[in-house]
Amino acid sequence: MRWLQKLHEDRAGAISVLVLLTLWCLVAIVGMLWNTAEYSMRRQAVQSAADSAAHSAATWMTRDVNAEAAQNMIIAQDAAAEAVWRAVPPTDASIKRELTSELAQATRLLATGDPQLVQQRNTLQRLLTQADSEYAQTQDALARVIGDSAGLDFPDPTAAAKYQFTLRQASEALQWVNDTYINGGPANYAQRPGPPGPNGEGLRQLVAKFVNSPMDAPMLQAIIDSLQQQLAVLSAFEERTAPATSQPVDAQMQSHEQQVFQAEQDVASQLPDVVDRQRQSLADFHRTDITLATPQRPLDDPDGSANVIAPVVTADVPAPVEGHIDSIRTEYLPEAIAAGLSPIVEIDPINPNTLDNRIWHPDLVAPVPADVSTQYPSIAGSFLVSCNVPGGWGHSWAFPIEHYLTNRVWTDQATLNATYMQQIDLLRQQLAQKLAEMRGFGTDNVQPLPPRLIDSQLDPQGVRESIPVLPRLTAPAGADAAYRSEVTIYNQHAGNYTSRVRALANALNGFAAYYDRFTRPFAVNTWVGQIRAARTTVLENLGTAKQFMVLSTYGLRPIPDWAQNGMLASATAAARAQIISQNMIGVTNQVLSALVRADPQSLGGGFLDNAGKQQYLRAMYSGLAAQIAREVIEEAADQAAPEIAAEMVSRPWPYEITPPNDVVPPSRGMGRDDRLSSFTVLAAARELPQTAAKPLLTTIFGASPTKLVAFAQAETFNWMEFNDSYGGSEQFDVVSPVPYDGGEFIACPRAWRLSTVGGWSWQSKLSLSDGLPDALQNNPDFAQYFNDAGITGTDPDALNQVMLH
Amino acid sequence: MPLPSPRQRPLRPYRGTAEIELMLVIPVLLTMLFLVGANLKLGGARIRNVFNAESDAYRDATVAASPALADNPILAPTDGFNSLPYQSDLPTRVHISANQSTATLALQGAGRPTTPVTLTDQSAFIAPAWGYSGYPVTADTQPMAAWFDTYASEARSQYQDPLGLAPSSPP
């Protein structure tokens with residue numbers, strides 16, 4: 001006890017003990033600080049290796065996809081060149097045939113004279129003489145009718161005044177036709193039209209111009225000169241294209257396409273090896289172990305680092321859909337059988353809805369509505385309405401590259417079009433202008449004789465009437481036979497007169513357009529038509545051969561549920577509009593002819609000559625005819641369009657990516673399943689002994705029994721998914737129009753991801769680690785790395801909870 | 001002269017040894033404190049350095065308009081697809097950040113020369129992805145276009161003028 005008490009009282013060395021304890025704490029702090037930094041730094045170094053490996057693997061995958069997209073575009077460029085080459089010979093032959101025929105015709109006319117032209121010139125003179133003669137007789141007859149009207153008996157003064165009003169109208173109309181329309185004088189009432197010539201001439205001045213100043217020879221010479229220039233342009237076209245047309249460019253291009261296709265396949269097959277070499281190289285560089293994993297790795301893949309395969313396949317890999325029952329063919333079975341079409345179709349993912357598998361609808365006989373038939377019995381009881389488009393509704397050849405190829409064909413054809421075709425058409429337009437100047441007539445037509453003229457006076461009710469040209473007169477009820485005869489004679493001569501005048505105006509227009517056959521532009525239309533046909537041919541060949549690449553996510557899929565109603569409505573509207581548009585002109589013309597023939601509203605009663613009446617009636621009934629035609633066609637379209645749309649919606653369509661399960665927009669771009677299945681790679685890095693953490697004071701703090709492991713996820717993505725020119729504009733519930741093909745549309749977005757400039761814009765990035773659970777389950781080597789780090793659980797929910805919180 | 005207190009303990013010979021001890025251990029304590037401080041500074045620097053190595057290399061590989069860390073002889077680009085025609089015309093860069101930073105440690109006391117410590121870490125990323133525009137490295141646009149043009153011209157060049165074909169690039 002004493003010893004204890006002594007020790008308690010002894011103060012010597014107390015500070016030393018305290019200092020020793022303090023020193024020990026400081027040493028421990030130094031160790032803890034060192035170890036913390038060491039582990040953190042080593043951990044970050046391993047993470048850096050994992051990030052680097054994942055990103056580099058994704059970059060090689062991206063390089064592969066970009067290389068495939070670029071090579072698909074090279075194939076399309078070859079095909080575009082072939083399309084241009086195919087269009088050259090038929091265009092050349094067609095234009096040459098036309099120009100040589102015209103040249104032969106013009107040369108012959110110049111050498112021998114043009115009896116038809118002489119005859120036409122004589123016709124002009126004859127018609128003018130006849131018109132003058134008829135005018136004199138009409139004027140004489142009208143003078144008698146007016147002069148003898150003084151002695152007529154009328155039931156009341158109002159009837160007398162009304163008759164005199166009518167006679168004045170007839171007199172004014174006759175005077176206007178002769179003085180203004182024929183002789184070129186000013187109108188006898190300010191609101192009536194002036195002379196009909198392009199430069200204010202009357203018909204007499206125009207006839208004199210043509211008859212007295214014949215320009216046949218100089219005009220024909222101008223035509224011959226122009227045709228020779230046009231032929232020279234065509235020769236230059238032939239000369240320029242000869243090095244191509246003399247070669248089998250189609251075979252050469254197809255051969256090159258096959259080489260490119262082979263390179264595409266080789267590149268894709270080399271990707272796993274390239275990625276693995278890159279992995280090893282980065283592992284050495286970072287002095288770590290690195291293994292790669294893909295979330296959907298096949299279970300039969302051997303252990304070790306995963307083979308990162310290219311997210312592309314050849315175009316013959318996506319499977320067709322067989323045994324689809326076509327609802328339209330089932331509904332119209334006899335018509336389908338008659339057309340040689342089976343109700344069971346096979347849908348090809350590359351050439352959807354083509355040939356015998358096209359979406360077809362029989363033409364429909366549309367009855368005229370009952371009320372219309374009753375009101376206008378002259379109109380036929382029904383009309384045949386075409387319910388098909390060329391190639392079939394929604395058809396497409398070589399769908400994955402059609403978008404780019406179509407654009408490329410129009411780019412490649414532009415030079416020949418501008419240099420030769422437009423030049424030929426320009427020469428013809430210049431010739432038209434020159435001929436117009438030579439005949440002093442311009443390019444405008446003679447204004448036709450108006451069917452009616454506005455009256456210069458108000459009627460007793462204060463209404464300003466319009467006067468038929470010329471008006472039919474009816475003798476008053478109390479008139480005697482002699483007077484009635486005078487009225488009849490007037491009506492006959494007045495009808496003859498306006499008939500001759502109209503014939504003369506038409507003859508003048510025909511005479512002015514006599515050489516139009518030499519000036520009508522046609523080269524550009526010929527070229528464009530041939531280019532269209534050639535484009536279809538090469539697309540069909542490419543689609544049939546299937547020698548290009550597509551994304552591995554490409555395939556036939558049904559339209560997503562959420563989009564079906566929208567697509568049905570959109571396709572119905574588009575098909576309906578197309579059916580109406582393509583039938584409108586034909587049916588309208590048929591209805592109009594029937595209406596003009598029957599004149600159900602008796603609009604032509606006041607006309608004295610048939611030509612004027614026809615002209616007037618066509619103008620008056622055209623609106624009604626269009627209205628009836630639309631009504632008839634709409635009935636057929638209302639039946640056919642929903643059936644066509646329903647069939648379109650029931651068919652699977654080719655999609656480059658799985659259509660989203662959510663409404664687009666706001667949903668955009670590739671979904672999670674596609675990303676993980678084809679475009680994602682993970683990497684795990686593990687420390688090596690020489691790069692392991694070297695902690696201090698391990699006897700005190702202990703050493704970690706596990707290895708440092710880190711992982712990273714990277715993916716290939718296309719940033720054009722959000723560009724409105726590419727994926728950003730994709731809609732799955734609205735039809736996509738196909739330009740250049742005249743109203744065609746398809747029920748899915750057009751493909752772009754492996755063939756356009758936007759499709760050649762893939763990038764790689766480190767990404768959200770949502771593929772970890774799948775990767776751990778499907779990659780034993782990858783999972784082993786995690787085991788080495790002491791992580792043994794593979795519960796996806798728990799992992800996602802940790803990774804995606 | 002005050003009288004000594006009867007309770008005052010007599011003076012002992014070891015009086016003042018605590019002060020002496022304290023004076024003796026101060027240098028030791030200071031050294032240890034400097035070590036702690038140095039560790040704090042060094043540890044942070046080591047962690048930052050390895051992190052910066054990666055972020056610099058990644059930034060250079062993915063978003064730098066003018067890459068500054070490429071073509072380092074430490075790591076050559078991996079051979080790529082030998083079946084891809086004209087692959088040698090395509091840019092292949094390895095962006096390496098051999099990050100070196102200097103941590104200045106005042107181990108010898110304030111006002112005295114300091115000790116610089118050089119830290120070295122490195123990280124590598126590959127680029128570009130061979131996209132058409134090369135964005136954001138616009139300088140890649142030209143070699144990409146040239147590669148495409150050369151490749152596409154294999155078949156088209158002899159018919160470029162006869163058929164009036166547009167240049168292959170821009171595609």
# chains A, B, ... in the order shown; residues from 1 in each chain; ligands from 1
$ residues_around --residues "Ala127 of chain B" --least-positions-apart "5" --cutoff "8 Å" --atoms "only C-alpha atoms" --output "count of residues only"
8
$ closest_atom_pairs --of "chain B" --to "chain A" --cutoff "8 Å" --atoms "only C-alpha atoms" --output "JSON lines"
{"residue": "B:Tyr14", "atom": "CA", "partner": "A:Ala12", "partner_atom": "CA", "distance": 7.3}
{"residue": "B:Thr17", "atom": "CA", "partner": "A:Ala12", "partner_atom": "CA", "distance": 7.3}
{"residue": "B:Ala18", "atom": "CA", "partner": "A:Ile15", "partner_atom": "CA", "distance": 6.1}
{"residue": "B:Glu21", "atom": "CA", "partner": "A:Ser16", "partner_atom": "CA", "distance": 6.7}
{"residue": "B:Leu22", "atom": "CA", "partner": "A:Ile15", "partner_atom": "CA", "distance": 7.1}
{"residue": "B:Val25", "atom": "CA", "partner": "A:Val19", "partner_atom": "CA", "distance": 7.2}
{"residue": "B:Leu29", "atom": "CA", "partner": "A:Leu23", "partner_atom": "CA", "distance": 6.8}
{"residue": "B:Met32", "atom": "CA", "partner": "A:Leu26", "partner_atom": "CA", "distance": 6.3}
{"residue": "B:Leu33", "atom": "CA", "partner": "A:Leu26", "partner_atom": "CA", "distance": 7.1}
{"residue": "B:Leu35", "atom": "CA", "partner": "A:Val30", "partner_atom": "CA", "distance": 6.7}
{"residue": "B:Val36", "atom": "CA", "partner": "A:Val30", "partner_atom": "CA", "distance": 5.2}
{"residue": "B:Asn39", "atom": "CA", "partner": "A:Leu33", "partner_atom": "CA", "distance": 6.1}
{"residue": "B:Leu40", "atom": "CA", "partner": "A:Leu33", "partner_atom": "CA", "distance": 6.5}
{"residue": "B:Gly43", "atom": "CA", "partner": "A:Ala37", "partner_atom": "CA", "distance": 4.6}
{"residue": "B:Gly44", "atom": "CA", "partner": "A:Ala37", "partner_atom": "CA", "distance": 6.9}
{"residue": "B:Arg46", "atom": "CA", "partner": "A:Met41", "partner_atom": "CA", "distance": 6.2}
{"residue": "B:Ile47", "atom": "CA", "partner": "A:Met41", "partner_atom": "CA", "distance": 4.7}
{"residue": "B:Val50", "atom": "CA", "partner": "A:Ala45", "partner_atom": "CA", "distance": 6.1}
{"residue": "B:Phe51", "atom": "CA", "partner": "A:Gln44", "partner_atom": "CA", "distance": 6.4}
{"residue": "B:Glu54", "atom": "CA", "partner": "A:Ser48", "partner_atom": "CA", "distance": 5.8}
{"residue": "B:Leu75", "atom": "CA", "partner": "A:Phe285", "partner_atom": "CA", "distance": 7.3}
{"residue": "B:Thr78", "atom": "CA", "partner": "A:Gln278", "partner_atom": "CA", "distance": 5.9}
{"residue": "B:Asp79", "atom": "CA", "partner": "A:Val274", "partner_atom": "CA", "distance": 7.1}
{"residue": "B:Gly80", "atom": "CA", "partner": "A:Val274", "partner_atom": "CA", "distance": 5.9}
{"residue": "B:Phe81", "atom": "CA", "partner": "A:Val267", "partner_atom": "CA", "distance": 5.7}
{"residue": "B:Asn82", "atom": "CA", "partner": "A:Val267", "partner_atom": "CA", "distance": 7.7}
{"residue": "B:Ser83", "atom": "CA", "partner": "A:Val267", "partner_atom": "CA", "distance": 5.8}
{"residue": "B:Leu84", "atom": "CA", "partner": "A:Ala263", "partner_atom": "CA", "distance": 6.1}
{"residue": "B:Pro85", "atom": "CA", "partner": "A:Ala263", "partner_atom": "CA", "distance": 7.6}
{"residue": "B:Gln122", "atom": "CA", "partner": "A:His286", "partner_atom": "CA", "distance": 7.7}
{"residue": "B:Ser123", "atom": "CA", "partner": "A:Ser48", "partner_atom": "CA", "distance": 6.5}
{"residue": "B:Ala124", "atom": "CA", "partner": "A:Ser52", "partner_atom": "CA", "distance": 6.2}
{"residue": "B:Phe125", "atom": "CA", "partner": "A:Ser52", "partner_atom": "CA", "distance": 5.4}
{"residue": "B:Ile126", "atom": "CA", "partner": "A:Ser56", "partner_atom": "CA", "distance": 5.7}
{"residue": "B:Ala127", "atom": "CA", "partner": "A:Thr59", "partner_atom": "CA", "distance": 7.0}
{"residue": "B:Pro128", "atom": "CA", "partner": "A:Thr59", "partner_atom": "CA", "distance": 7.6}
{"residue": "B:Ala129", "atom": "CA", "partner": "A:Arg63", "partner_atom": "CA", "distance": 5.0}
{"residue": "B:Trp130", "atom": "CA", "partner": "A:Arg63", "partner_atom": "CA", "distance": 5.5}
{"residue": "B:Gly131", "atom": "CA", "partner": "A:Ser761", "partner_atom": "CA", "distance": 4.5}
{"residue": "B:Tyr132", "atom": "CA", "partner": "A:Trp760", "partner_atom": "CA", "distance": 5.5}
{"residue": "B:Ser133", "atom": "CA", "partner": "A:Ser761", "partner_atom": "CA", "distance": 7.2}
{"residue": "B:Phe148", "atom": "CA", "partner": "A:Ala70", "partner_atom": "CA", "distance": 7.3}
{"residue": "B:Tyr151", "atom": "CA", "partner": "A:Ile74", "partner_atom": "CA", "distance": 7.7}
{"residue": "B:Ala152", "atom": "CA", "partner": "A:Ile74", "partner_atom": "CA", "distance": 5.4}
{"residue": "B:Ala155", "atom": "CA", "partner": "A:His256", "partner_atom": "CA", "distance": 6.4}
{"residue": "B:Arg156", "atom": "CA", "partner": "A:Asp78", "partner_atom": "CA", "distance": 6.7}
{"residue": "B:Tyr159", "atom": "CA", "partner": "A:Ala244", "partner_atom": "CA", "distance": 6.1}
{"residue": "B:Asp161", "atom": "CA", "partner": "A:Arg240", "partner_atom": "CA", "distance": 7.6}
{"residue": "B:Pro162", "atom": "CA", "partner": "A:Thr241", "partner_atom": "CA", "distance": 4.4}
{"residue": "B:Leu163", "atom": "CA", "partner": "A:Thr241", "partner_atom": "CA", "distance": 5.7}
{"residue": "B:Gly164", "atom": "CA", "partner": "A:Thr415", "partner_atom": "CA", "distance": 5.2}
{"residue": "B:Leu165", "atom": "CA", "partner": "A:Asp412", "partner_atom": "CA", "distance": 4.6}
{"residue": "B:Ala166", "atom": "CA", "partner": "A:Asp412", "partner_atom": "CA", "distance": 5.0}
{"residue": "B:Ser168", "atom": "CA", "partner": "A:Gln77", "partner_atom": "CA", "distance": 7.4}
{"residue": "B:Pro171", "atom": "CA", "partner": "A:Val757", "partner_atom": "CA", "distance": 6.8}
$ residues_around --residues "segment 206-208 of chain A" --least-positions-apart "6" --cutoff "8 Å" --atoms "only C-alpha atoms" --output "PyMOL selection string"
chain A and resi 124-125+128+197+508
$ select_by_dssp --residues "segment 305-534 of chain A" --states "strand (DSSP E or B)" --output "PyMOL selection string"
chain A and resi 312-314+321-325+344-347+359+364-367+382-385+393+452-454+466-468
$ select_by_dssp --residues "segment 35-265 of chain A" --states "alpha helix (DSSP H)" --output "PyMOL selection string"
chain A and resi 35-112+115-148+157-176+203-212+216-245+249-265
$ residues_around --residues "segment 337-339 of chain A" --least-positions-apart "2" --cutoff "12 Å" --atoms "only C-alpha atoms" --output "JSON, numbers by chain"
{"A": [328, 329, 330, 331, 332, 333, 334, 335, 341, 342, 343, 344, 356, 360, 361, 362, 363]}
$ write_last_selection --atoms "N, CA and C atoms" --output "PDB file, in the first residue's frame"
ATOM      1  N   ILE A 328     -58.390  -7.854 -96.161  1.00  0.00           N
ATOM      2  CA  ILE A 328     -59.089  -7.351 -97.358  1.00  0.00           C
ATOM      3  C   ILE A 328     -59.323  -8.493 -98.347  1.00  0.00           C
ATOM      4  N   ARG A 329     -58.304  -9.302 -98.546  1.00  0.00           N
ATOM      5  CA  ARG A 329     -58.452 -10.409 -99.499  1.00  0.00           C
ATOM      6  C   ARG A 329     -59.485 -11.417 -98.998  1.00  0.00           C
ATOM      7  N   THR A 330     -59.552 -11.558 -97.671  1.00  0.00           N
ATOM      8  CA  THR A 330     -60.571 -12.453 -97.113  1.00  0.00           C
ATOM      9  C   THR A 330     -61.959 -11.866 -97.342  1.00  0.00           C
ATOM     10  N   GLU A 331     -62.053 -10.567 -97.166  1.00  0.00           N
ATOM     11  CA  GLU A 331     -63.357  -9.897 -97.330  1.00  0.00           C
ATOM     12  C   GLU A 331     -63.807  -9.935 -98.793  1.00  0.00           C
ATOM     13  N   TYR A 332     -62.851  -9.746 -99.703  1.00  0.00           N
ATOM     14  CA  TYR A 332     -63.178  -9.728-101.142  1.00  0.00           C
ATOM     15  C   TYR A 332     -62.520 -10.942-101.817  1.00  0.00           C
ATOM     16  N   LEU A 333     -62.861 -12.109-101.343  1.00  0.00           N
ATOM     17  CA  LEU A 333     -62.170 -13.317-101.784  1.00  0.00           C
ATOM     18  C   LEU A 333     -62.287 -13.550-103.296  1.00  0.00           C
ATOM     19  N   PRO A 334     -63.491 -13.475-103.887  1.00  0.00           N
ATOM     20  CA  PRO A 334     -63.576 -13.721-105.335  1.00  0.00           C
ATOM     21  C   PRO A 334     -62.721 -12.744-106.138  1.00  0.00           C
ATOM     22  N   GLU A 335     -62.754 -11.475-105.740  1.00  0.00           N
ATOM     23  CA  GLU A 335     -61.959 -10.484-106.468  1.00  0.00           C
ATOM     24  C   GLU A 335     -60.466 -10.772-106.297  1.00  0.00           C
ATOM     25  N   LEU A 341     -54.408 -13.370-106.193  1.00  0.00           N
ATOM     26  CA  LEU A 341     -53.795 -13.069-104.901  1.00  0.00           C
ATOM     27  C   LEU A 341     -54.339 -14.003-103.827  1.00  0.00           C
ATOM     28  N   SER A 342     -53.424 -14.561-103.040  1.00  0.00           N
ATOM     29  CA  SER A 342     -53.830 -15.469-101.965  1.00  0.00           C
ATOM     30  C   SER A 342     -54.210 -14.659-100.727  1.00  0.00           C
ATOM     31  N   PRO A 343     -55.168 -15.137 -99.947  1.00  0.00           N
ATOM     32  CA  PRO A 343     -55.505 -14.413 -98.706  1.00  0.00           C
ATOM     33  C   PRO A 343     -54.443 -14.570 -97.622  1.00  0.00           C
ATOM     34  N   ILE A 344     -53.521 -15.521 -97.823  1.00  0.00           N
ATOM     35  CA  ILE A 344     -52.434 -15.698 -96.843  1.00  0.00           C
ATOM     36  C   ILE A 344     -51.155 -15.130 -97.450  1.00  0.00           C
ATOM     37  N   ASP A 356     -46.795 -10.024-104.650  1.00  0.00           N
ATOM     38  CA  ASP A 356     -48.039 -10.710-104.281  1.00  0.00           C
ATOM     39  C   ASP A 356     -48.440 -10.463-102.834  1.00  0.00           C
ATOM     40  N   TRP A 360     -53.526  -4.787-101.037  1.00  0.00           N
ATOM     41  CA  TRP A 360     -54.324  -4.586-102.243  1.00  0.00           C
ATOM     42  C   TRP A 360     -55.785  -4.411-101.852  1.00  0.00           C
ATOM     43  N   HIS A 361     -56.493  -3.617-102.605  1.00  0.00           N
ATOM     44  CA  HIS A 361     -57.928  -3.469-102.379  1.00  0.00           C
ATOM     45  C   HIS A 361     -58.591  -3.439-103.753  1.00  0.00           C
ATOM     46  N   PRO A 362     -59.669  -4.190-103.928  1.00  0.00           N
ATOM     47  CA  PRO A 362     -60.312  -4.164-105.248  1.00  0.00           C
ATOM     48  C   PRO A 362     -60.889  -2.778-105.537  1.00  0.00           C
ATOM     49  N   ASP A 363     -60.914  -2.440-106.808  1.00  0.00           N
ATOM     50  CA  ASP A 363     -61.586  -1.197-107.185  1.00  0.00           C
ATOM     51  C   ASP A 363     -63.068  -1.340-106.855  1.00  0.00           C
TER      52      ASP A 363
END
$ atom_distance --atom1 "atom CA of Ser305 of chain A" --atom2 "atom CA of Ser769 of chain A"
18.3 Å
$ atom_distance --atom1 "atom CA of Asp638 of chain A" --atom2 "atom CA of Asn388 of chain A"
14.0 Å
$ atom_distance --atom1 "atom CA of Gly606 of chain A" --atom2 "atom CA of Gly185 of chain A"
25.8 Å
$ residues_around --residues "Trp176 of chain A" --least-positions-apart "5" --cutoff "10 Å" --atoms "only C-alpha atoms" --output "VMD selection string"
chain A and resid 170 to 171 181 to 189 192 to 195 453 469
$ write_last_selection --atoms "N, CA and C atoms" --output "short mmCIF file (atom, residue, chain, number, x, y, z; two decimals), in the first residue's frame"
data_model
loop_
_atom_site.label_atom_id
_atom_site.label_comp_id
_atom_site.auth_asym_id
_atom_site.auth_seq_id
_atom_site.Cartn_x
_atom_site.Cartn_y
_atom_site.Cartn_z
N ALA A 170 -80.40 43.17 -126.84
CA ALA A 170 -79.90 42.42 -128.00
C ALA A 170 -79.10 43.34 -128.91
N SER A 171 -79.59 44.55 -129.07
CA SER A 171 -78.90 45.50 -129.96
C SER A 171 -77.53 45.86 -129.39
N TYR A 181 -65.35 43.18 -130.14
CA TYR A 181 -64.71 41.86 -130.21
C TYR A 181 -64.13 41.61 -131.60
N ILE A 182 -64.88 42.04 -132.63
CA ILE A 182 -64.39 41.79 -133.99
C ILE A 182 -63.46 42.91 -134.46
N ASN A 183 -63.92 44.15 -134.30
CA ASN A 183 -63.17 45.24 -134.91
C ASN A 183 -62.20 45.93 -133.97
N GLY A 184 -62.18 45.55 -132.70
CA GLY A 184 -61.15 46.08 -131.80
C GLY A 184 -61.45 47.45 -131.25
N GLY A 185 -62.69 47.92 -131.36
CA GLY A 185 -63.04 49.24 -130.82
C GLY A 185 -63.25 49.17 -129.32
N PRO A 186 -63.44 50.34 -128.71
CA PRO A 186 -63.68 50.35 -127.27
C PRO A 186 -65.05 49.77 -126.93
N ALA A 187 -65.18 49.27 -125.75
CA ALA A 187 -66.44 48.68 -125.33
C ALA A 187 -67.51 49.76 -125.22
N ASN A 188 -68.75 49.39 -125.53
CA ASN A 188 -69.83 50.38 -125.47
C ASN A 188 -70.37 50.57 -124.05
N TYR A 189 -69.79 49.93 -123.10
CA TYR A 189 -70.11 50.17 -121.70
C TYR A 189 -68.86 49.85 -120.90
N ARG A 192 -67.84 46.40 -119.57
CA ARG A 192 -67.73 45.25 -120.48
C ARG A 192 -66.27 45.09 -120.91
N PRO A 193 -65.90 43.86 -121.24
CA PRO A 193 -64.50 43.65 -121.64
C PRO A 193 -64.14 44.36 -122.94
N GLY A 194 -62.84 44.62 -123.09
CA GLY A 194 -62.36 45.25 -124.31
C GLY A 194 -62.07 44.21 -125.37
N PRO A 195 -61.33 44.59 -126.40
CA PRO A 195 -61.00 43.65 -127.49
C PRO A 195 -60.26 42.43 -126.95
N LEU A 453 -72.79 39.39 -121.14
CA LEU A 453 -72.28 40.74 -120.94
C LEU A 453 -73.15 41.44 -119.91
N VAL A 469 -74.86 36.33 -124.92
CA VAL A 469 -74.22 36.79 -126.17
C VAL A 469 -74.41 35.69 -127.22
#
$ decode --residues "segment 525-564 of chain A" --atoms "C-alpha atoms" --output "PDB file, in the first residue's frame"
ATOM      1  CA  ASN A 525     -40.208  14.995-117.525  1.00  0.00           C
ATOM      2  CA  THR A 526     -38.768  12.199-119.641  1.00  0.00           C
ATOM      3  CA  TRP A 527     -35.577  12.103-117.586  1.00  0.00           C
ATOM      4  CA  VAL A 528     -37.334  12.212-114.230  1.00  0.00           C
ATOM      5  CA  GLY A 529     -39.696   9.436-115.275  1.00  0.00           C
ATOM      6  CA  GLN A 530     -36.790   7.221-116.284  1.00  0.00           C
ATOM      7  CA  ILE A 531     -34.887   8.020-113.084  1.00  0.00           C
ATOM      8  CA  ARG A 532     -37.931   7.030-111.019  1.00  0.00           C
ATOM      9  CA  ALA A 533     -38.240   3.743-112.867  1.00  0.00           C
ATOM     10  CA  ALA A 534     -34.511   3.020-112.567  1.00  0.00           C
ATOM     11  CA  ARG A 535     -34.517   3.821-108.850  1.00  0.00           C
ATOM     12  CA  THR A 536     -37.321   1.316-108.306  1.00  0.00           C
ATOM     13  CA  THR A 537     -35.405  -1.318-110.283  1.00  0.00           C
ATOM     14  CA  VAL A 538     -32.179  -0.977-108.309  1.00  0.00           C
ATOM     15  CA  LEU A 539     -34.047  -0.860-105.010  1.00  0.00           C
ATOM     16  CA  GLU A 540     -35.909  -4.015-105.949  1.00  0.00           C
ATOM     17  CA  ASN A 541     -32.635  -5.731-106.882  1.00  0.00           C
ATOM     18  CA  LEU A 542     -30.953  -4.650-103.633  1.00  0.00           C
ATOM     19  CA  GLY A 543     -33.921  -5.675-101.537  1.00  0.00           C
ATOM     20  CA  THR A 544     -34.081  -9.049-103.181  1.00  0.00           C
ATOM     21  CA  ALA A 545     -30.326  -9.727-102.855  1.00  0.00           C
ATOM     22  CA  LYS A 546     -30.248  -8.492 -99.225  1.00  0.00           C
ATOM     23  CA  GLN A 547     -26.512  -7.856 -99.379  1.00  0.00           C
ATOM     24  CA  PHE A 548     -26.071  -5.120 -96.832  1.00  0.00           C
ATOM     25  CA  MET A 549     -26.154  -4.846 -93.052  1.00  0.00           C
ATOM     26  CA  VAL A 550     -28.938  -3.953 -90.663  1.00  0.00           C
ATOM     27  CA  LEU A 551     -28.946  -3.326 -86.937  1.00  0.00           C
ATOM     28  CA  SER A 552     -29.300  -6.473 -84.891  1.00  0.00           C
ATOM     29  CA  THR A 553     -32.410  -4.918 -83.356  1.00  0.00           C
ATOM     30  CA  TYR A 554     -34.007  -4.566 -86.815  1.00  0.00           C
ATOM     31  CA  GLY A 555     -37.049  -6.715 -87.439  1.00  0.00           C
ATOM     32  CA  LEU A 556     -40.749  -7.016 -88.134  1.00  0.00           C
ATOM     33  CA  ARG A 557     -42.841  -6.067 -85.137  1.00  0.00           C
ATOM     34  CA  PRO A 558     -46.482  -5.206 -84.597  1.00  0.00           C
ATOM     35  CA  ILE A 559     -47.424  -1.590 -84.232  1.00  0.00           C
ATOM     36  CA  PRO A 560     -47.347  -0.916 -80.465  1.00  0.00           C
ATOM     37  CA  ASP A 561     -50.720  -1.119 -78.730  1.00  0.00           C
ATOM     38  CA  TRP A 562     -50.688   2.489 -77.665  1.00  0.00           C
ATOM     39  CA  ALA A 563     -50.096   3.592 -81.267  1.00  0.00           C
ATOM     40  CA  GLN A 564     -52.646   1.428 -83.052  1.00  0.00           C
TER      41      GLN A 564
END
